[in-house]
Amino acid sequence: MKRATIYDVARQAGVSHQTVTRYLNGFEGIRPTTRAKVQAALEELNYRPNGAARWLRSRQSNRIGILAHRMELSGPGRIVAGATTAARSRGFVLDIASMDGEDGVSVDEALDVIMEHQIAGVFATAQTDVVRAAIAGRGVDIPIAMDSAEGLSSTALNPRSLPGALAADHLADLGHSRVAFVNGPRVWIAANQRREGFIDVAARRGLRVVWEYEGDWSAESGYRAARELPPEVTAVAVANDSMAIGLIYGLAERGVRVPDDVSVIGMDDSPESRFHLPAVDHPARLRGEGAYLMNMLIAKIEGGDIHEVPRYRLPELVVRGSTAVVRPANARP
């Protein structure tokens with residue numbers, strides 16, 4: 001049976017072949033109805049990218065090595081998931097090596113594992129400077145893409161559009177003035193970026209950050225933070241949703257109601273956050289960044305124009321139920 005092509009898929013879905021290509025490349029600016037038609041056509045025709053044909057044309061490996069750190073966490077896990085989906089849709093085979101991104105020896109060992117194979121490129125979840133330094137020290141001479149915590153092109157974004165800044169703006173809009181920040185490990189680039197964005201906007205909006213706590217991204221560390229939260233705090237920004245859920249639970253044990261007594265805003269848009277009581281408010285983490293980074297890498301591998309890779313969506317504030325307008329009794333005198 002003849003293998004289906006993107007042109008077959010386009011005819012089946014009633015769209016252009018360019019639309020099918022954009023879908024396969026992870027472009028998010030496609031209408032939901034059109035996206036559903038393309039997906040249905042792909043499934044009906046059992047479309048599979050032809051990696052072997054690519055190799056025969058270019059004599060180039062279709063394998064990509066992935067260095068993965070803390071995939072059990074929602075953020076890194078979703079980055080890798082998006083990257084692997086994008087790679088498979090383009091006909092690439094993946095070799096995944098786990099590593100401890102806070103240990104240079106572990107990163108070197110993971111690099112050794114994937115470099116044993118003939119790979120076309122390396123995708124690294126580089127949440128720490130340790131990973132960046134280890135890769136730079138190896139002088140890898142094939143294309144590399146590294147997750148830069150809030151996205152590859154975060155330096156080109158308006159800093160006010162990143163999660164920490166959005167959280168501070170939201171709490172200021174609700175009238176809070178005495179706030180706290182529960183962060184992840186300072187060794188993580190994402191933790192530093194989120195804190196810097198929050199502190200910067202808080203200062204501009206007249207918020208006083210009266211207390212900070214360093215967690216480890218786990219719900220348990222959020223729970224521990226709740227035990228120490230000062231009574232004068234009316235709102236807490238938390239650097240990920242897991243810690244926010246733990247914080248809310250810990251506050252409930254103390255008899256502190258969220259959001260009636262204290263507002264809590266998380267970050268990351270983890271799937272379970274909307275099923276908590278109350279459902280967690282958050283600025284959604286950059287969506288599609290894993291697919292975007294992988295498509296950037298593939299463009300480098302294939303000699304394409306990286307500027308033509310479709311961008312991902314910027315963070316959006318999602319309001320659910322864990323923040324509220326500050327109560328007059330808690331407002332600054």
# chains A, B, ... in the order shown; residues from 1 in each chain; ligands from 1
>>> select_by_dssp(residues="segment 150-299 of chain A", states="helix (DSSP H, G or I)", output="PyMOL selection string")
chain A and resi 154-156+159-161+163-173+189-205+219-228+241-253+271-275+289-299
>>> closest_residue(among="A:Glu302, A:Glu109, A:Glu44, A:Asp241", to="Arg90 of chain A", atoms="only C-alpha atoms")
A:Glu302
>>> closest_residue(among="A:Arg254, A:Arg186, A:Arg224, A:Arg88", to="Asp129 of chain A", atoms="only C-alpha atoms")
A:Arg186
>>> closest_residue(among="A:Asp103, A:Asp141, A:Asp200, A:Asp147", to="Met294 of chain A", atoms="only C-alpha atoms")
A:Asp147
>>> closest_residue(among="A:Met267, A:Leu297, A:Ala165, A:Val325", to="Ala145 of chain A", atoms="only C-alpha atoms")
A:Leu297
>>> select_by_dssp(residues="segment 172-270 of chain A", states="strand (DSSP E or B)", output="list in words")
Arg178, Val179, Ala180, Phe181, Val182, Asn183, Trp188, Arg208, Val209, Val210, Trp211, Glu212, Tyr213, Glu214, Ala235, Val236, Ala237, Val238, Ser263, Val264 and Ile265 of chain A
>>> closest_residue(among="A:Glu289, A:Thr234, A:Arg274, A:Arg178", to="Thr85 of chain A", atoms="only C-alpha atoms")
A:Glu289
>>> closest_residue(among="A:Ile144, A:Ala86, A:Ile66, A:Leu251", to="Pro230 of chain A", atoms="only C-alpha atoms")
A:Leu251
>>> residues_around(residues="Val140 of chain A", least_positions_apart="6", cutoff="10 Å", atoms="only C-alpha atoms", output="list in words")
Leu111, Met115, Gly121 and Val122 of chain A
>>> write_last_selection(atoms="all heavy atoms", output="tab-separated table (two decimals), in the first residue's frame")
chain	number	residue	atom	x	y	z
A	111	LEU	N	25.73	12.99	28.04
A	111	LEU	CA	26.24	13.35	26.70
A	111	LEU	C	27.00	12.18	26.10
A	111	LEU	O	26.88	11.90	24.90
A	111	LEU	CB	27.15	14.57	26.80
A	111	LEU	CG	26.51	15.94	26.57
A	111	LEU	CD1	27.50	17.05	26.90
A	111	LEU	CD2	26.04	16.08	25.13
A	115	MET	N	26.07	10.58	22.48
A	115	MET	CA	27.08	10.80	21.45
A	115	MET	C	27.68	9.49	20.94
A	115	MET	O	28.44	9.47	19.97
A	115	MET	CB	28.20	11.71	21.98
A	115	MET	CG	27.75	13.11	22.31
A	115	MET	SD	27.07	14.03	20.91
A	115	MET	CE	28.56	14.40	20.01
A	121	GLY	N	21.57	16.04	15.99
A	121	GLY	CA	21.51	17.21	16.84
A	121	GLY	C	21.24	16.83	18.28
A	121	GLY	O	20.92	15.68	18.59
A	122	VAL	N	21.37	17.81	19.17
A	122	VAL	CA	21.15	17.60	20.60
A	122	VAL	C	20.10	18.59	21.09
A	122	VAL	O	20.18	19.79	20.81
A	122	VAL	CB	22.45	17.81	21.41
A	122	VAL	CG1	22.18	17.71	22.91
A	122	VAL	CG2	23.51	16.81	21.00
>>> atom_distance(atom1="atom CA of His69 of chain A", atom2="atom CA of Gly104 of chain A")
12.1 Å
>>> residues_around(residues="Val264 of chain A", least_positions_apart="5", cutoff="6 Å", atoms="only C-alpha atoms", output="MDAnalysis selection string")
chainID A and resid 235:237 322:323
>>> write_last_selection(atoms="N, CA, C and O atoms", output="mmCIF file, in the first residue's frame")
data_model
loop_
_atom_site.group_PDB
_atom_site.id
_atom_site.type_symbol
_atom_site.label_atom_id
_atom_site.label_comp_id
_atom_site.auth_asym_id
_atom_site.auth_seq_id
_atom_site.Cartn_x
_atom_site.Cartn_y
_atom_site.Cartn_z
ATOM 1 N N ALA A 235 -1.270 38.092 49.977
ATOM 2 C CA ALA A 235 -1.218 37.359 48.710
ATOM 3 C C ALA A 235 0.157 36.732 48.541
ATOM 4 O O ALA A 235 1.172 37.308 48.955
ATOM 5 N N VAL A 236 0.183 35.533 47.932
ATOM 6 C CA VAL A 236 1.437 34.824 47.711
ATOM 7 C C VAL A 236 1.533 34.421 46.247
ATOM 8 O O VAL A 236 0.601 33.828 45.691
ATOM 9 N N ALA A 237 2.661 34.752 45.620
ATOM 10 C CA ALA A 237 2.955 34.249 44.274
ATOM 11 C C ALA A 237 3.890 33.056 44.442
ATOM 12 O O ALA A 237 4.850 33.113 45.214
ATOM 13 N N SER A 322 -8.302 31.060 43.069
ATOM 14 C CA SER A 322 -7.411 31.145 44.226
ATOM 15 C C SER A 322 -6.931 32.563 44.521
ATOM 16 O O SER A 322 -6.126 32.769 45.431
ATOM 17 N N THR A 323 -7.409 33.549 43.764
ATOM 18 C CA THR A 323 -7.088 34.941 44.073
ATOM 19 C C THR A 323 -8.379 35.748 44.124
ATOM 20 O O THR A 323 -9.377 35.384 43.490
#
>>> atom_distance(atom1="atom CA of Asp261 of chain A", atom2="atom CA of Pro185 of chain A")
27.2 Å
>>> residues_around(residues="Asp95 of chain A", least_positions_apart="4", cutoff="7 Å", atoms="only C-alpha atoms", output="list in words")
Ile64, Gly65, Ile66 and Ile114 of chain A
>>> atom_distance(atom1="atom CA of Ile189 of chain A", atom2="atom CA of Gln127 of chain A")
5.5 Å
>>> residues_around(residues="segment 7-14 of chain A", least_positions_apart="5", cutoff="8 Å", atoms="only C-alpha atoms", output="PyMOL selection string")
chain A and resi 19-20+37-38+40-42+45+47
